[in-house]
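Listing of start_35.cif; format and content: mmCIF, C-alpha atoms.
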```cif
data_final
#
loop_
_atom_site.group_PDB
_atom_site.id
_atom_site.type_symbol
_atom_site.label_atom_id
_atom_site.label_comp_id
_atom_site.auth_asym_id
_atom_site.auth_seq_id
_atom_site.Cartn_x
_atom_site.Cartn_y
_atom_site.Cartn_z
ATOM 1 C CA MET D 1 29.126 -3.111 -12.401
ATOM 2 C CA LYS D 2 26.703 -0.754 -10.701
ATOM 3 C CA LYS D 3 27.732 0.912 -7.455
ATOM 4 C CA PRO D 4 25.299 1.157 -4.530
ATOM 5 C CA ALA D 5 23.481 4.496 -4.660
ATOM 6 C CA ALA D 6 24.571 7.055 -2.128
ATOM 7 C CA ASN D 7 21.988 8.321 0.345
ATOM 8 C CA SER D 8 20.551 11.685 -0.726
ATOM 9 C CA LYS D 9 18.860 14.396 1.300
ATOM 10 C CA THR D 10 15.953 14.754 -1.113
ATOM 11 C CA LEU D 11 13.443 15.722 1.602
ATOM 12 C CA GLY D 12 15.516 18.444 3.245
ATOM 13 C CA LYS D 13 13.455 21.204 1.624
ATOM 14 C CA PHE D 14 10.052 19.694 2.430
ATOM 15 C CA SER D 15 7.756 22.362 3.840
ATOM 16 C CA GLY D 16 4.457 21.971 5.635
ATOM 17 C CA GLN D 17 3.388 18.970 7.674
ATOM 18 C CA LEU D 18 3.548 15.305 6.729
ATOM 19 C CA LEU D 19 0.935 13.115 8.405
ATOM 20 C CA LEU D 20 1.741 9.405 8.601
ATOM 21 C CA VAL D 21 -1.309 7.261 9.346
ATOM 22 C CA GLY D 22 -0.034 3.903 10.546
ATOM 23 C CA ALA D 23 3.543 3.391 11.722
ATOM 24 C CA GLY D 24 3.794 -0.389 11.595
ATOM 25 C CA LYS D 25 6.530 -2.245 9.716
ATOM 26 C CA MET D 26 6.078 -0.525 6.360
ATOM 27 C CA GLY D 27 5.091 2.862 7.742
ATOM 28 C CA GLY D 28 7.953 2.682 10.234
ATOM 29 C CA ALA D 29 10.423 1.837 7.464
ATOM 30 C CA MET D 30 9.234 4.853 5.484
ATOM 31 C CA LEU D 31 9.521 7.049 8.562
ATOM 32 C CA ASP D 32 13.141 6.013 9.140
ATOM 33 C CA GLY D 33 13.910 6.598 5.484
ATOM 34 C CA TRP D 34 12.373 10.073 5.451
ATOM 35 C CA ILE D 35 14.394 11.246 8.408
ATOM 36 C CA ALA D 36 17.558 9.751 6.903
ATOM 37 C CA ARG D 37 16.811 11.735 3.745
ATOM 38 C CA GLY D 38 16.645 15.017 5.588
ATOM 39 C CA LEU D 39 12.983 15.420 6.551
ATOM 40 C CA ALA D 40 12.863 17.439 9.778
ATOM 41 C CA PRO D 41 11.159 15.399 12.542
ATOM 42 C CA ARG D 42 9.208 18.503 13.636
ATOM 43 C CA ARG D 43 7.380 18.364 10.309
ATOM 44 C CA ILE D 44 6.077 14.842 10.938
ATOM 45 C CA ALA D 45 2.884 13.872 12.754
ATOM 46 C CA ILE D 46 1.968 10.223 13.289
ATOM 47 C CA ILE D 47 -1.353 8.554 13.998
ATOM 48 C CA GLU D 48 -0.604 5.130 15.490
ATOM 49 C CA PRO D 49 -2.660 3.593 18.352
ATOM 50 C CA GLN D 50 0.098 1.114 19.240
ATOM 51 C CA PRO D 51 3.398 2.866 18.514
ATOM 52 C CA ALA D 52 6.656 0.943 18.807
ATOM 53 C CA LYS D 53 9.321 2.176 21.209
ATOM 54 C CA SER D 54 11.355 3.494 18.283
ATOM 55 C CA VAL D 55 8.385 5.606 17.172
ATOM 56 C CA LYS D 56 7.780 6.924 20.683
ATOM 57 C CA ALA D 57 11.450 7.843 20.931
ATOM 58 C CA LEU D 58 11.107 10.144 17.927
ATOM 59 C CA THR D 59 8.907 12.487 19.944
ATOM 60 C CA ARG D 60 12.097 13.627 21.680
ATOM 61 C CA ARG D 61 13.328 14.803 18.279
ATOM 62 C CA GLY D 62 10.170 16.761 17.527
ATOM 63 C CA VAL D 63 7.796 14.229 15.945
ATOM 64 C CA THR D 64 4.154 14.679 17.002
ATOM 65 C CA LEU D 65 2.524 11.404 18.027
ATOM 66 C CA ASN D 66 -1.263 11.016 17.944
ATOM 67 C CA PRO D 67 -2.297 14.689 17.657
ATOM 68 C CA LYS D 68 -5.198 15.657 19.912
ATOM 69 C CA LYS D 69 -8.692 15.355 18.469
ATOM 70 C CA GLY D 70 -11.904 17.021 19.415
ATOM 71 C CA PRO D 71 -14.395 19.688 18.356
ATOM 72 C CA LYS D 72 -12.007 22.495 19.283
ATOM 73 C CA ALA D 73 -8.978 20.935 17.608
ATOM 74 C CA LYS D 74 -9.092 22.399 14.103
ATOM 75 C CA ALA D 75 -6.555 20.580 11.974
ATOM 76 C CA ALA D 76 -4.564 22.582 9.454
ATOM 77 C CA PRO D 77 -4.226 21.041 6.000
ATOM 78 C CA ALA D 78 -1.227 18.737 5.663
ATOM 79 C CA ALA D 79 1.216 19.016 2.778
ATOM 80 C CA ALA D 80 1.148 15.233 2.477
ATOM 81 C CA ILE D 81 -0.794 12.406 4.097
ATOM 82 C CA VAL D 82 0.654 8.906 3.860
ATOM 83 C CA ILE D 83 -1.820 6.112 4.611
ATOM 84 C CA ALA D 84 -0.071 2.945 5.772
ATOM 85 C CA VAL D 85 -2.804 1.203 7.763
ATOM 86 C CA LYS D 86 -4.105 -2.307 7.165
ATOM 87 C CA PRO D 87 -6.631 -2.255 4.293
ATOM 88 C CA GLN D 88 -9.408 -3.740 6.438
ATOM 89 C CA THR D 89 -9.312 -0.650 8.679
ATOM 90 C CA ALA D 90 -9.547 1.750 5.737
ATOM 91 C CA PRO D 91 -13.338 2.350 5.817
ATOM 92 C CA GLU D 92 -12.988 3.829 9.315
ATOM 93 C CA ALA D 93 -9.506 5.346 9.006
ATOM 94 C CA VAL D 94 -9.759 7.228 5.704
ATOM 95 C CA PRO D 95 -12.853 9.509 5.915
ATOM 96 C CA PRO D 96 -11.657 11.524 8.974
ATOM 97 C CA LEU D 97 -8.479 12.412 7.088
ATOM 98 C CA GLY D 98 -10.555 14.641 4.839
ATOM 99 C CA LEU D 99 -10.423 17.311 7.551
ATOM 100 C CA GLN D 100 -6.689 17.678 6.892
ATOM 101 C CA VAL D 101 -6.883 17.694 3.108
ATOM 102 C CA GLY D 102 -6.314 21.085 1.513
ATOM 103 C CA LYS D 103 -6.141 22.226 -2.106
ATOM 104 C CA SER D 104 -2.455 21.303 -2.386
ATOM 105 C CA THR D 105 -2.429 18.191 -0.153
ATOM 106 C CA LEU D 106 -1.020 14.968 -1.586
ATOM 107 C CA VAL D 107 -2.564 11.750 -0.282
ATOM 108 C CA LEU D 108 -0.272 8.749 -0.758
ATOM 109 C CA SER D 109 -1.693 5.311 0.046
ATOM 110 C CA ILE D 110 0.302 2.092 0.339
ATOM 111 C CA MET D 111 -2.728 0.017 1.345
ATOM 112 C CA ALA D 112 -2.984 -3.205 -0.632
ATOM 113 C CA GLY D 113 -6.211 -3.638 -2.589
ATOM 114 C CA ARG D 114 -7.637 -0.177 -1.890
ATOM 115 C CA THR D 115 -8.160 1.522 -5.224
ATOM 116 C CA LEU D 116 -8.006 5.159 -6.257
ATOM 117 C CA GLY D 117 -11.786 5.022 -6.587
ATOM 118 C CA PHE D 118 -12.157 3.797 -3.010
ATOM 119 C CA LEU D 119 -10.056 6.702 -1.751
ATOM 120 C CA GLN D 120 -11.718 9.301 -3.973
ATOM 121 C CA ASP D 121 -15.142 8.272 -2.652
ATOM 122 C CA ARG D 122 -14.039 8.907 0.938
ATOM 123 C CA LEU D 123 -11.956 12.073 0.570
ATOM 124 C CA PRO D 124 -12.913 15.587 -0.589
ATOM 125 C CA ALA D 125 -13.597 16.031 -4.302
ATOM 126 C CA GLY D 126 -10.496 16.946 -6.261
ATOM 127 C CA THR D 127 -8.021 15.398 -3.799
ATOM 128 C CA ALA D 128 -4.647 14.527 -5.347
ATOM 129 C CA ILE D 129 -4.159 10.802 -4.658
ATOM 130 C CA VAL D 130 -1.345 8.372 -5.402
ATOM 131 C CA ARG D 131 -1.795 4.646 -4.868
ATOM 132 C CA ALA D 132 1.433 2.699 -4.382
ATOM 133 C CA MET D 133 2.383 -0.955 -3.985
ATOM 134 C CA PRO D 134 5.691 -1.515 -2.138
ATOM 135 C CA ASN D 135 7.172 -4.833 -1.010
ATOM 136 C CA THR D 136 8.784 -6.102 2.182
ATOM 137 C CA PRO D 137 12.468 -5.463 1.313
ATOM 138 C CA ALA D 138 11.436 -1.860 1.996
ATOM 139 C CA ALA D 139 12.269 -2.700 5.614
ATOM 140 C CA ILE D 140 15.967 -2.502 4.678
ATOM 141 C CA GLY D 141 15.631 0.237 2.077
ATOM 142 C CA ARG D 142 15.791 -2.237 -0.828
ATOM 143 C CA GLY D 143 12.157 -2.399 -1.832
ATOM 144 C CA ILE D 144 10.557 -1.730 -5.195
ATOM 145 C CA THR D 145 7.361 0.315 -5.326
ATOM 146 C CA VAL D 146 4.987 0.839 -8.232
ATOM 147 C CA ALA D 147 2.773 3.928 -8.113
ATOM 148 C CA VAL D 148 -0.217 5.277 -10.033
ATOM 149 C CA ALA D 149 -1.736 8.742 -9.721
ATOM 150 C CA ASN D 150 -5.233 10.096 -10.191
ATOM 151 C CA ALA D 151 -5.955 13.000 -12.513
ATOM 152 C CA HIS D 152 -5.555 15.632 -9.787
ATOM 153 C CA VAL D 153 -1.855 14.940 -9.047
ATOM 154 C CA SER D 154 0.433 17.710 -10.306
ATOM 155 C CA ALA D 155 4.009 17.272 -11.515
ATOM 156 C CA ARG D 156 5.243 18.723 -8.231
ATOM 157 C CA GLN D 157 3.120 16.304 -6.205
ATOM 158 C CA ARG D 158 4.276 13.386 -8.332
ATOM 159 C CA LYS D 159 7.894 14.309 -7.565
ATOM 160 C CA LEU D 160 7.053 14.558 -3.863
ATOM 161 C CA ALA D 161 5.466 11.092 -3.981
ATOM 162 C CA THR D 162 8.574 9.746 -5.701
ATOM 163 C CA ASP D 163 10.822 11.279 -3.036
ATOM 164 C CA LEU D 164 8.694 9.857 -0.216
ATOM 165 C CA LEU D 165 8.617 6.370 -1.743
ATOM 166 C CA ALA D 166 12.330 6.430 -2.641
ATOM 167 C CA ALA D 167 13.045 6.330 1.083
ATOM 168 C CA ILE D 168 12.310 2.583 0.978
ATOM 169 C CA GLY D 169 13.815 1.686 -2.395
ATOM 170 C CA LYS D 170 13.295 2.152 -6.112
ATOM 171 C CA VAL D 171 10.118 3.622 -7.591
ATOM 172 C CA GLU D 172 8.320 2.855 -10.859
ATOM 173 C CA TRP D 173 5.242 4.675 -12.223
ATOM 174 C CA VAL D 174 2.398 3.287 -14.314
ATOM 175 C CA SER D 175 -0.501 5.118 -15.935
ATOM 176 C CA ASP D 176 -3.001 2.240 -15.804
ATOM 177 C CA GLU D 177 -4.240 1.298 -12.342
ATOM 178 C CA GLY D 178 -5.418 -2.011 -13.793
ATOM 179 C CA VAL D 179 -1.869 -3.379 -13.833
ATOM 180 C CA ILE D 180 -1.465 -2.929 -10.057
ATOM 181 C CA ASP D 181 -2.972 -6.379 -9.496
ATOM 182 C CA ALA D 182 -0.185 -7.922 -11.592
ATOM 183 C CA VAL D 183 2.351 -5.736 -9.767
ATOM 184 C CA THR D 184 1.013 -7.076 -6.472
ATOM 185 C CA ALA D 185 1.393 -10.626 -7.767
ATOM 186 C CA LEU D 186 4.939 -10.122 -9.067
ATOM 187 C CA SER D 187 6.806 -7.746 -6.757
ATOM 188 C CA GLY D 188 4.355 -7.434 -3.859
ATOM 189 C CA SER D 189 4.163 -11.186 -3.273
ATOM 190 C CA GLY D 190 7.530 -11.846 -4.925
ATOM 191 C CA PRO D 191 9.683 -11.910 -1.780
ATOM 192 C CA ALA D 192 7.706 -14.969 -0.630
ATOM 193 C CA TYR D 193 8.659 -16.756 -3.854
ATOM 194 C CA VAL D 194 12.341 -16.019 -3.235
ATOM 195 C CA PHE D 195 12.103 -17.190 0.379
ATOM 196 C CA LEU D 196 10.371 -20.359 -0.841
ATOM 197 C CA LEU D 197 13.272 -20.893 -3.251
ATOM 198 C CA ALA D 198 15.748 -20.737 -0.361
ATOM 199 C CA GLU D 199 13.523 -23.056 1.662
ATOM 200 C CA ALA D 200 13.268 -25.558 -1.204
ATOM 201 C CA MET D 201 17.021 -25.403 -1.879
ATOM 202 C CA THR D 202 17.654 -26.183 1.785
ATOM 203 C CA LYS D 203 15.372 -29.232 1.684
ATOM 204 C CA ALA D 204 16.949 -30.405 -1.572
ATOM 205 C CA GLY D 205 20.436 -30.015 -0.098
ATOM 206 C CA ILE D 206 19.451 -32.121 2.896
ATOM 207 C CA ALA D 207 17.991 -34.752 0.583
ATOM 208 C CA ALA D 208 21.301 -34.781 -1.314
ATOM 209 C CA GLY D 209 23.166 -35.592 1.919
ATOM 210 C CA LEU D 210 24.145 -32.221 3.422
ATOM 211 C CA PRO D 211 23.753 -31.523 7.155
ATOM 212 C CA ALA D 212 20.619 -29.408 7.710
ATOM 213 C CA ASP D 213 22.427 -26.397 9.187
ATOM 214 C CA LEU D 214 24.984 -26.316 6.369
ATOM 215 C CA ALA D 215 22.290 -26.714 3.705
ATOM 216 C CA GLY D 216 20.394 -23.794 5.243
ATOM 217 C CA ARG D 217 23.443 -21.523 5.292
ATOM 218 C CA LEU D 218 24.414 -22.419 1.730
ATOM 219 C CA ALA D 219 20.900 -21.767 0.426
ATOM 220 C CA ARG D 220 20.554 -18.467 2.313
ATOM 221 C CA GLU D 221 23.905 -17.060 1.206
ATOM 222 C CA THR D 222 23.481 -18.273 -2.371
ATOM 223 C CA VAL D 223 20.104 -16.577 -2.751
ATOM 224 C CA ALA D 224 21.258 -13.413 -0.978
ATOM 225 C CA GLY D 225 24.546 -13.190 -2.887
ATOM 226 C CA SER D 226 22.918 -13.886 -6.241
ATOM 227 C CA GLY D 227 20.320 -11.221 -5.557
ATOM 228 C CA GLU D 228 23.028 -8.694 -4.745
ATOM 229 C CA LEU D 229 24.936 -9.635 -7.912
ATOM 230 C CA LEU D 230 21.771 -9.131 -9.957
ATOM 231 C CA HIS D 231 21.216 -5.792 -8.216
ATOM 232 C CA ARG D 232 24.695 -4.497 -8.943
ATOM 233 C CA SER D 233 25.240 -5.976 -12.399
ATOM 234 C CA ASP D 234 24.428 -4.241 -15.670
ATOM 235 C CA LEU D 235 23.595 -7.654 -17.165
ATOM 236 C CA ASP D 236 20.060 -9.007 -17.264
ATOM 237 C CA ALA D 237 19.008 -12.116 -15.373
ATOM 238 C CA ALA D 238 19.080 -14.380 -18.434
ATOM 239 C CA THR D 239 22.668 -13.409 -19.247
ATOM 240 C CA LEU D 240 23.811 -13.904 -15.655
ATOM 241 C CA ARG D 241 22.186 -17.353 -15.686
ATOM 242 C CA GLN D 242 23.917 -18.250 -18.938
ATOM 243 C CA ASN D 243 27.265 -17.090 -17.531
ATOM 244 C CA VAL D 244 26.961 -19.641 -14.714
ATOM 245 C CA THR D 245 25.967 -22.463 -17.054
ATOM 246 C CA SER D 246 28.714 -24.478 -18.744
ATOM 247 C CA PRO D 247 27.525 -26.763 -21.548
ATOM 248 C CA GLY D 248 27.177 -30.301 -20.260
ATOM 249 C CA GLY D 249 27.998 -29.271 -16.702
ATOM 250 C CA THR D 250 26.231 -29.618 -13.365
ATOM 251 C CA THR D 251 24.267 -26.375 -13.687
ATOM 252 C CA ALA D 252 23.062 -27.356 -17.147
ATOM 253 C CA ALA D 253 21.840 -30.692 -15.757
ATOM 254 C CA ALA D 254 19.840 -28.914 -13.059
ATOM 255 C CA LEU D 255 18.420 -26.296 -15.437
ATOM 256 C CA GLN D 256 17.288 -29.014 -17.820
ATOM 257 C CA VAL D 257 14.920 -30.108 -15.053
ATOM 258 C CA LEU D 258 13.930 -26.630 -13.882
ATOM 259 C CA MET D 259 13.330 -25.268 -17.380
ATOM 260 C CA GLY D 260 11.665 -28.373 -18.792
ATOM 261 C CA PRO D 261 7.938 -29.106 -19.210
ATOM 262 C CA ALA D 262 5.953 -28.104 -16.096
ATOM 263 C CA GLY D 263 9.148 -26.522 -14.785
ATOM 264 C CA PHE D 264 10.004 -23.260 -13.103
ATOM 265 C CA ASP D 265 8.765 -20.919 -15.861
ATOM 266 C CA GLU D 266 5.388 -22.599 -16.141
ATOM 267 C CA LEU D 267 4.898 -22.836 -12.385
ATOM 268 C CA LEU D 268 5.738 -19.177 -11.794
ATOM 269 C CA THR D 269 3.460 -18.077 -14.629
ATOM 270 C CA LYS D 270 0.598 -20.016 -13.036
ATOM 271 C CA ALA D 271 1.474 -18.733 -9.562
ATOM 272 C CA ILE D 272 1.555 -15.072 -10.591
ATOM 273 C CA ALA D 273 -1.682 -15.490 -12.562
ATOM 274 C CA ALA D 274 -3.331 -16.952 -9.433
ATOM 275 C CA ALA D 275 -2.053 -14.100 -7.278
ATOM 276 C CA THR D 276 -3.254 -11.543 -9.857
ATOM 277 C CA ARG D 277 -6.758 -13.049 -9.836
ATOM 278 C CA ARG D 278 -6.840 -13.021 -6.045
ATOM 279 C CA SER D 279 -5.719 -9.389 -5.938
ATOM 280 C CA ARG D 280 -8.607 -8.429 -8.232
ATOM 281 C CA GLU D 281 -11.047 -10.367 -6.044
ATOM 282 C CA LEU D 282 -9.819 -8.628 -2.892
ATOM 283 C CA ALA D 283 -10.050 -5.213 -4.548
ATOM 284 C CA GLY D 284 -13.642 -5.922 -5.503
#
```
Using structure tokens, write down the structure from this file.
Amino acid sequence: MKKPAANSKTLGKFSGQLLLVGAGKMGGAMLDGWIARGLAPRRIAIIEPQPAKSVKALTRRGVTLNPKKGPKAKAAPAAAIVIAVKPQTAPEAVPPLGLQVGKSTLVLSIMAGRTLGFLQDRLPAGTAIVRAMPNTPAAIGRGITVAVANAHVSARQRKLATDLLAAIGKVEWVSDEGVIDAVTALSGSGPAYVFLLAEAMTKAGIAAGLPADLAGRLARETVAGSGELLHRSDLDAATLRQNVTSPGGTTAAALQVLMGPAGFDELLTKAIAAATRRSRELAG
């Protein structure tokens, strides 16, 4: 059985300035994770028009909030720029960041649907760019992020990107940006599928005669506990499922329905295919 990973101070030796553009839910989760991993608040600058109270409070620890702009305010190159704004604001938000891009700056984007090409067209030539797709469990440090780099990212910058993304969970790398649409469909949208499962289990429990509040608690704790077991176990999902299933028992009866024609496998395959197509459409 796997043990929960201990928190590491992987960002304690970070030098230079880190600029976070957008400190909403995902950006805020990353910010909390960075500081927990040893990044000195004085090395962080944040651009956020509507900062939460928790973000404002960090200024007392040395974080710079909304650095002054203007013709006389010459920005020094940042060591890393993390773009966590909504993708629809990207055409206005990204180009000005070029003023803070230096030869060794890493630009890390977690904007959904905004490709490496989109970013390269709006930032100085030769900029090292990583595009990443996290998911919402990042809010509790249990996300999974898939990243892809352009040709200008060095091994050192790739490690830095990994360390920055590890603040919100596990990190996987791919070499083909084309698979990011499928990543978005599987892990990016995936939490909604799990929440729908809990929702459907609750409704089914009520239909079977359980009080609504009890059905809701049973569904929530079953999904949460099973997810944690899957997280900690060395066994794969299929083996864990088989371990719960006694031949001829109640679980087997249920799985016969779920795994039959037009069942769970087929529905999820269709659902993820639909989400993949939509991701490609949104990316243009």
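Using only C-alpha atoms for every distance, the candidate list D:Gly62, D:Gly248, D:Pro137, D:Gly22 yields D:Gly62 as the residue closest to D:Ala40.
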- Residues near D:Thr127, cut-off 12 Å, only C-alpha atoms, skip fewer than 6 positions along chain, as a PyMOL selection string: chain D and resi 77+79-81+97-108+116-117+119-121+149-154+157
- Work out how far atom CA of D:Val174 is from atom CA of D:Ala90, in Å to one decimal.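 Between these atoms lies a distance of 23.4 Å.
Ranking D:Ala76, D:Leu160, D:Ala208, D:Thr276 by their shortest atom-to-atom distance to D:Ala185, with only C-alpha atoms included, puts D:Thr276 first.
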Please enumerate the residues selected by the PyMOL selection byres ((chain D and resi 55) around 9) when evaluated against the supplied file, formatted as a PDB file with C-alpha atoms, in the coordinates of the input.
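Final output, result36.pdb:
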```
ATOM      1  CA  ALA D  23       3.543   3.391  11.722  1.00  0.00           C
ATOM      2  CA  GLY D  28       7.953   2.682  10.234  1.00  0.00           C
ATOM      3  CA  LEU D  31       9.521   7.049   8.562  1.00  0.00           C
ATOM      4  CA  ILE D  46       1.968  10.223  13.289  1.00  0.00           C
ATOM      5  CA  PRO D  51       3.398   2.866  18.514  1.00  0.00           C
ATOM      6  CA  ALA D  52       6.656   0.943  18.807  1.00  0.00           C
ATOM      7  CA  LYS D  53       9.321   2.176  21.209  1.00  0.00           C
ATOM      8  CA  SER D  54      11.355   3.494  18.283  1.00  0.00           C
ATOM      9  CA  LYS D  56       7.780   6.924  20.683  1.00  0.00           C
ATOM     10  CA  ALA D  57      11.450   7.843  20.931  1.00  0.00           C
ATOM     11  CA  LEU D  58      11.107  10.144  17.927  1.00  0.00           C
ATOM     12  CA  THR D  59       8.907  12.487  19.944  1.00  0.00           C
ATOM     13  CA  VAL D  63       7.796  14.229  15.945  1.00  0.00           C
ATOM     14  CA  LEU D  65       2.524  11.404  18.027  1.00  0.00           C
TER      15      LEU D  65
END
```
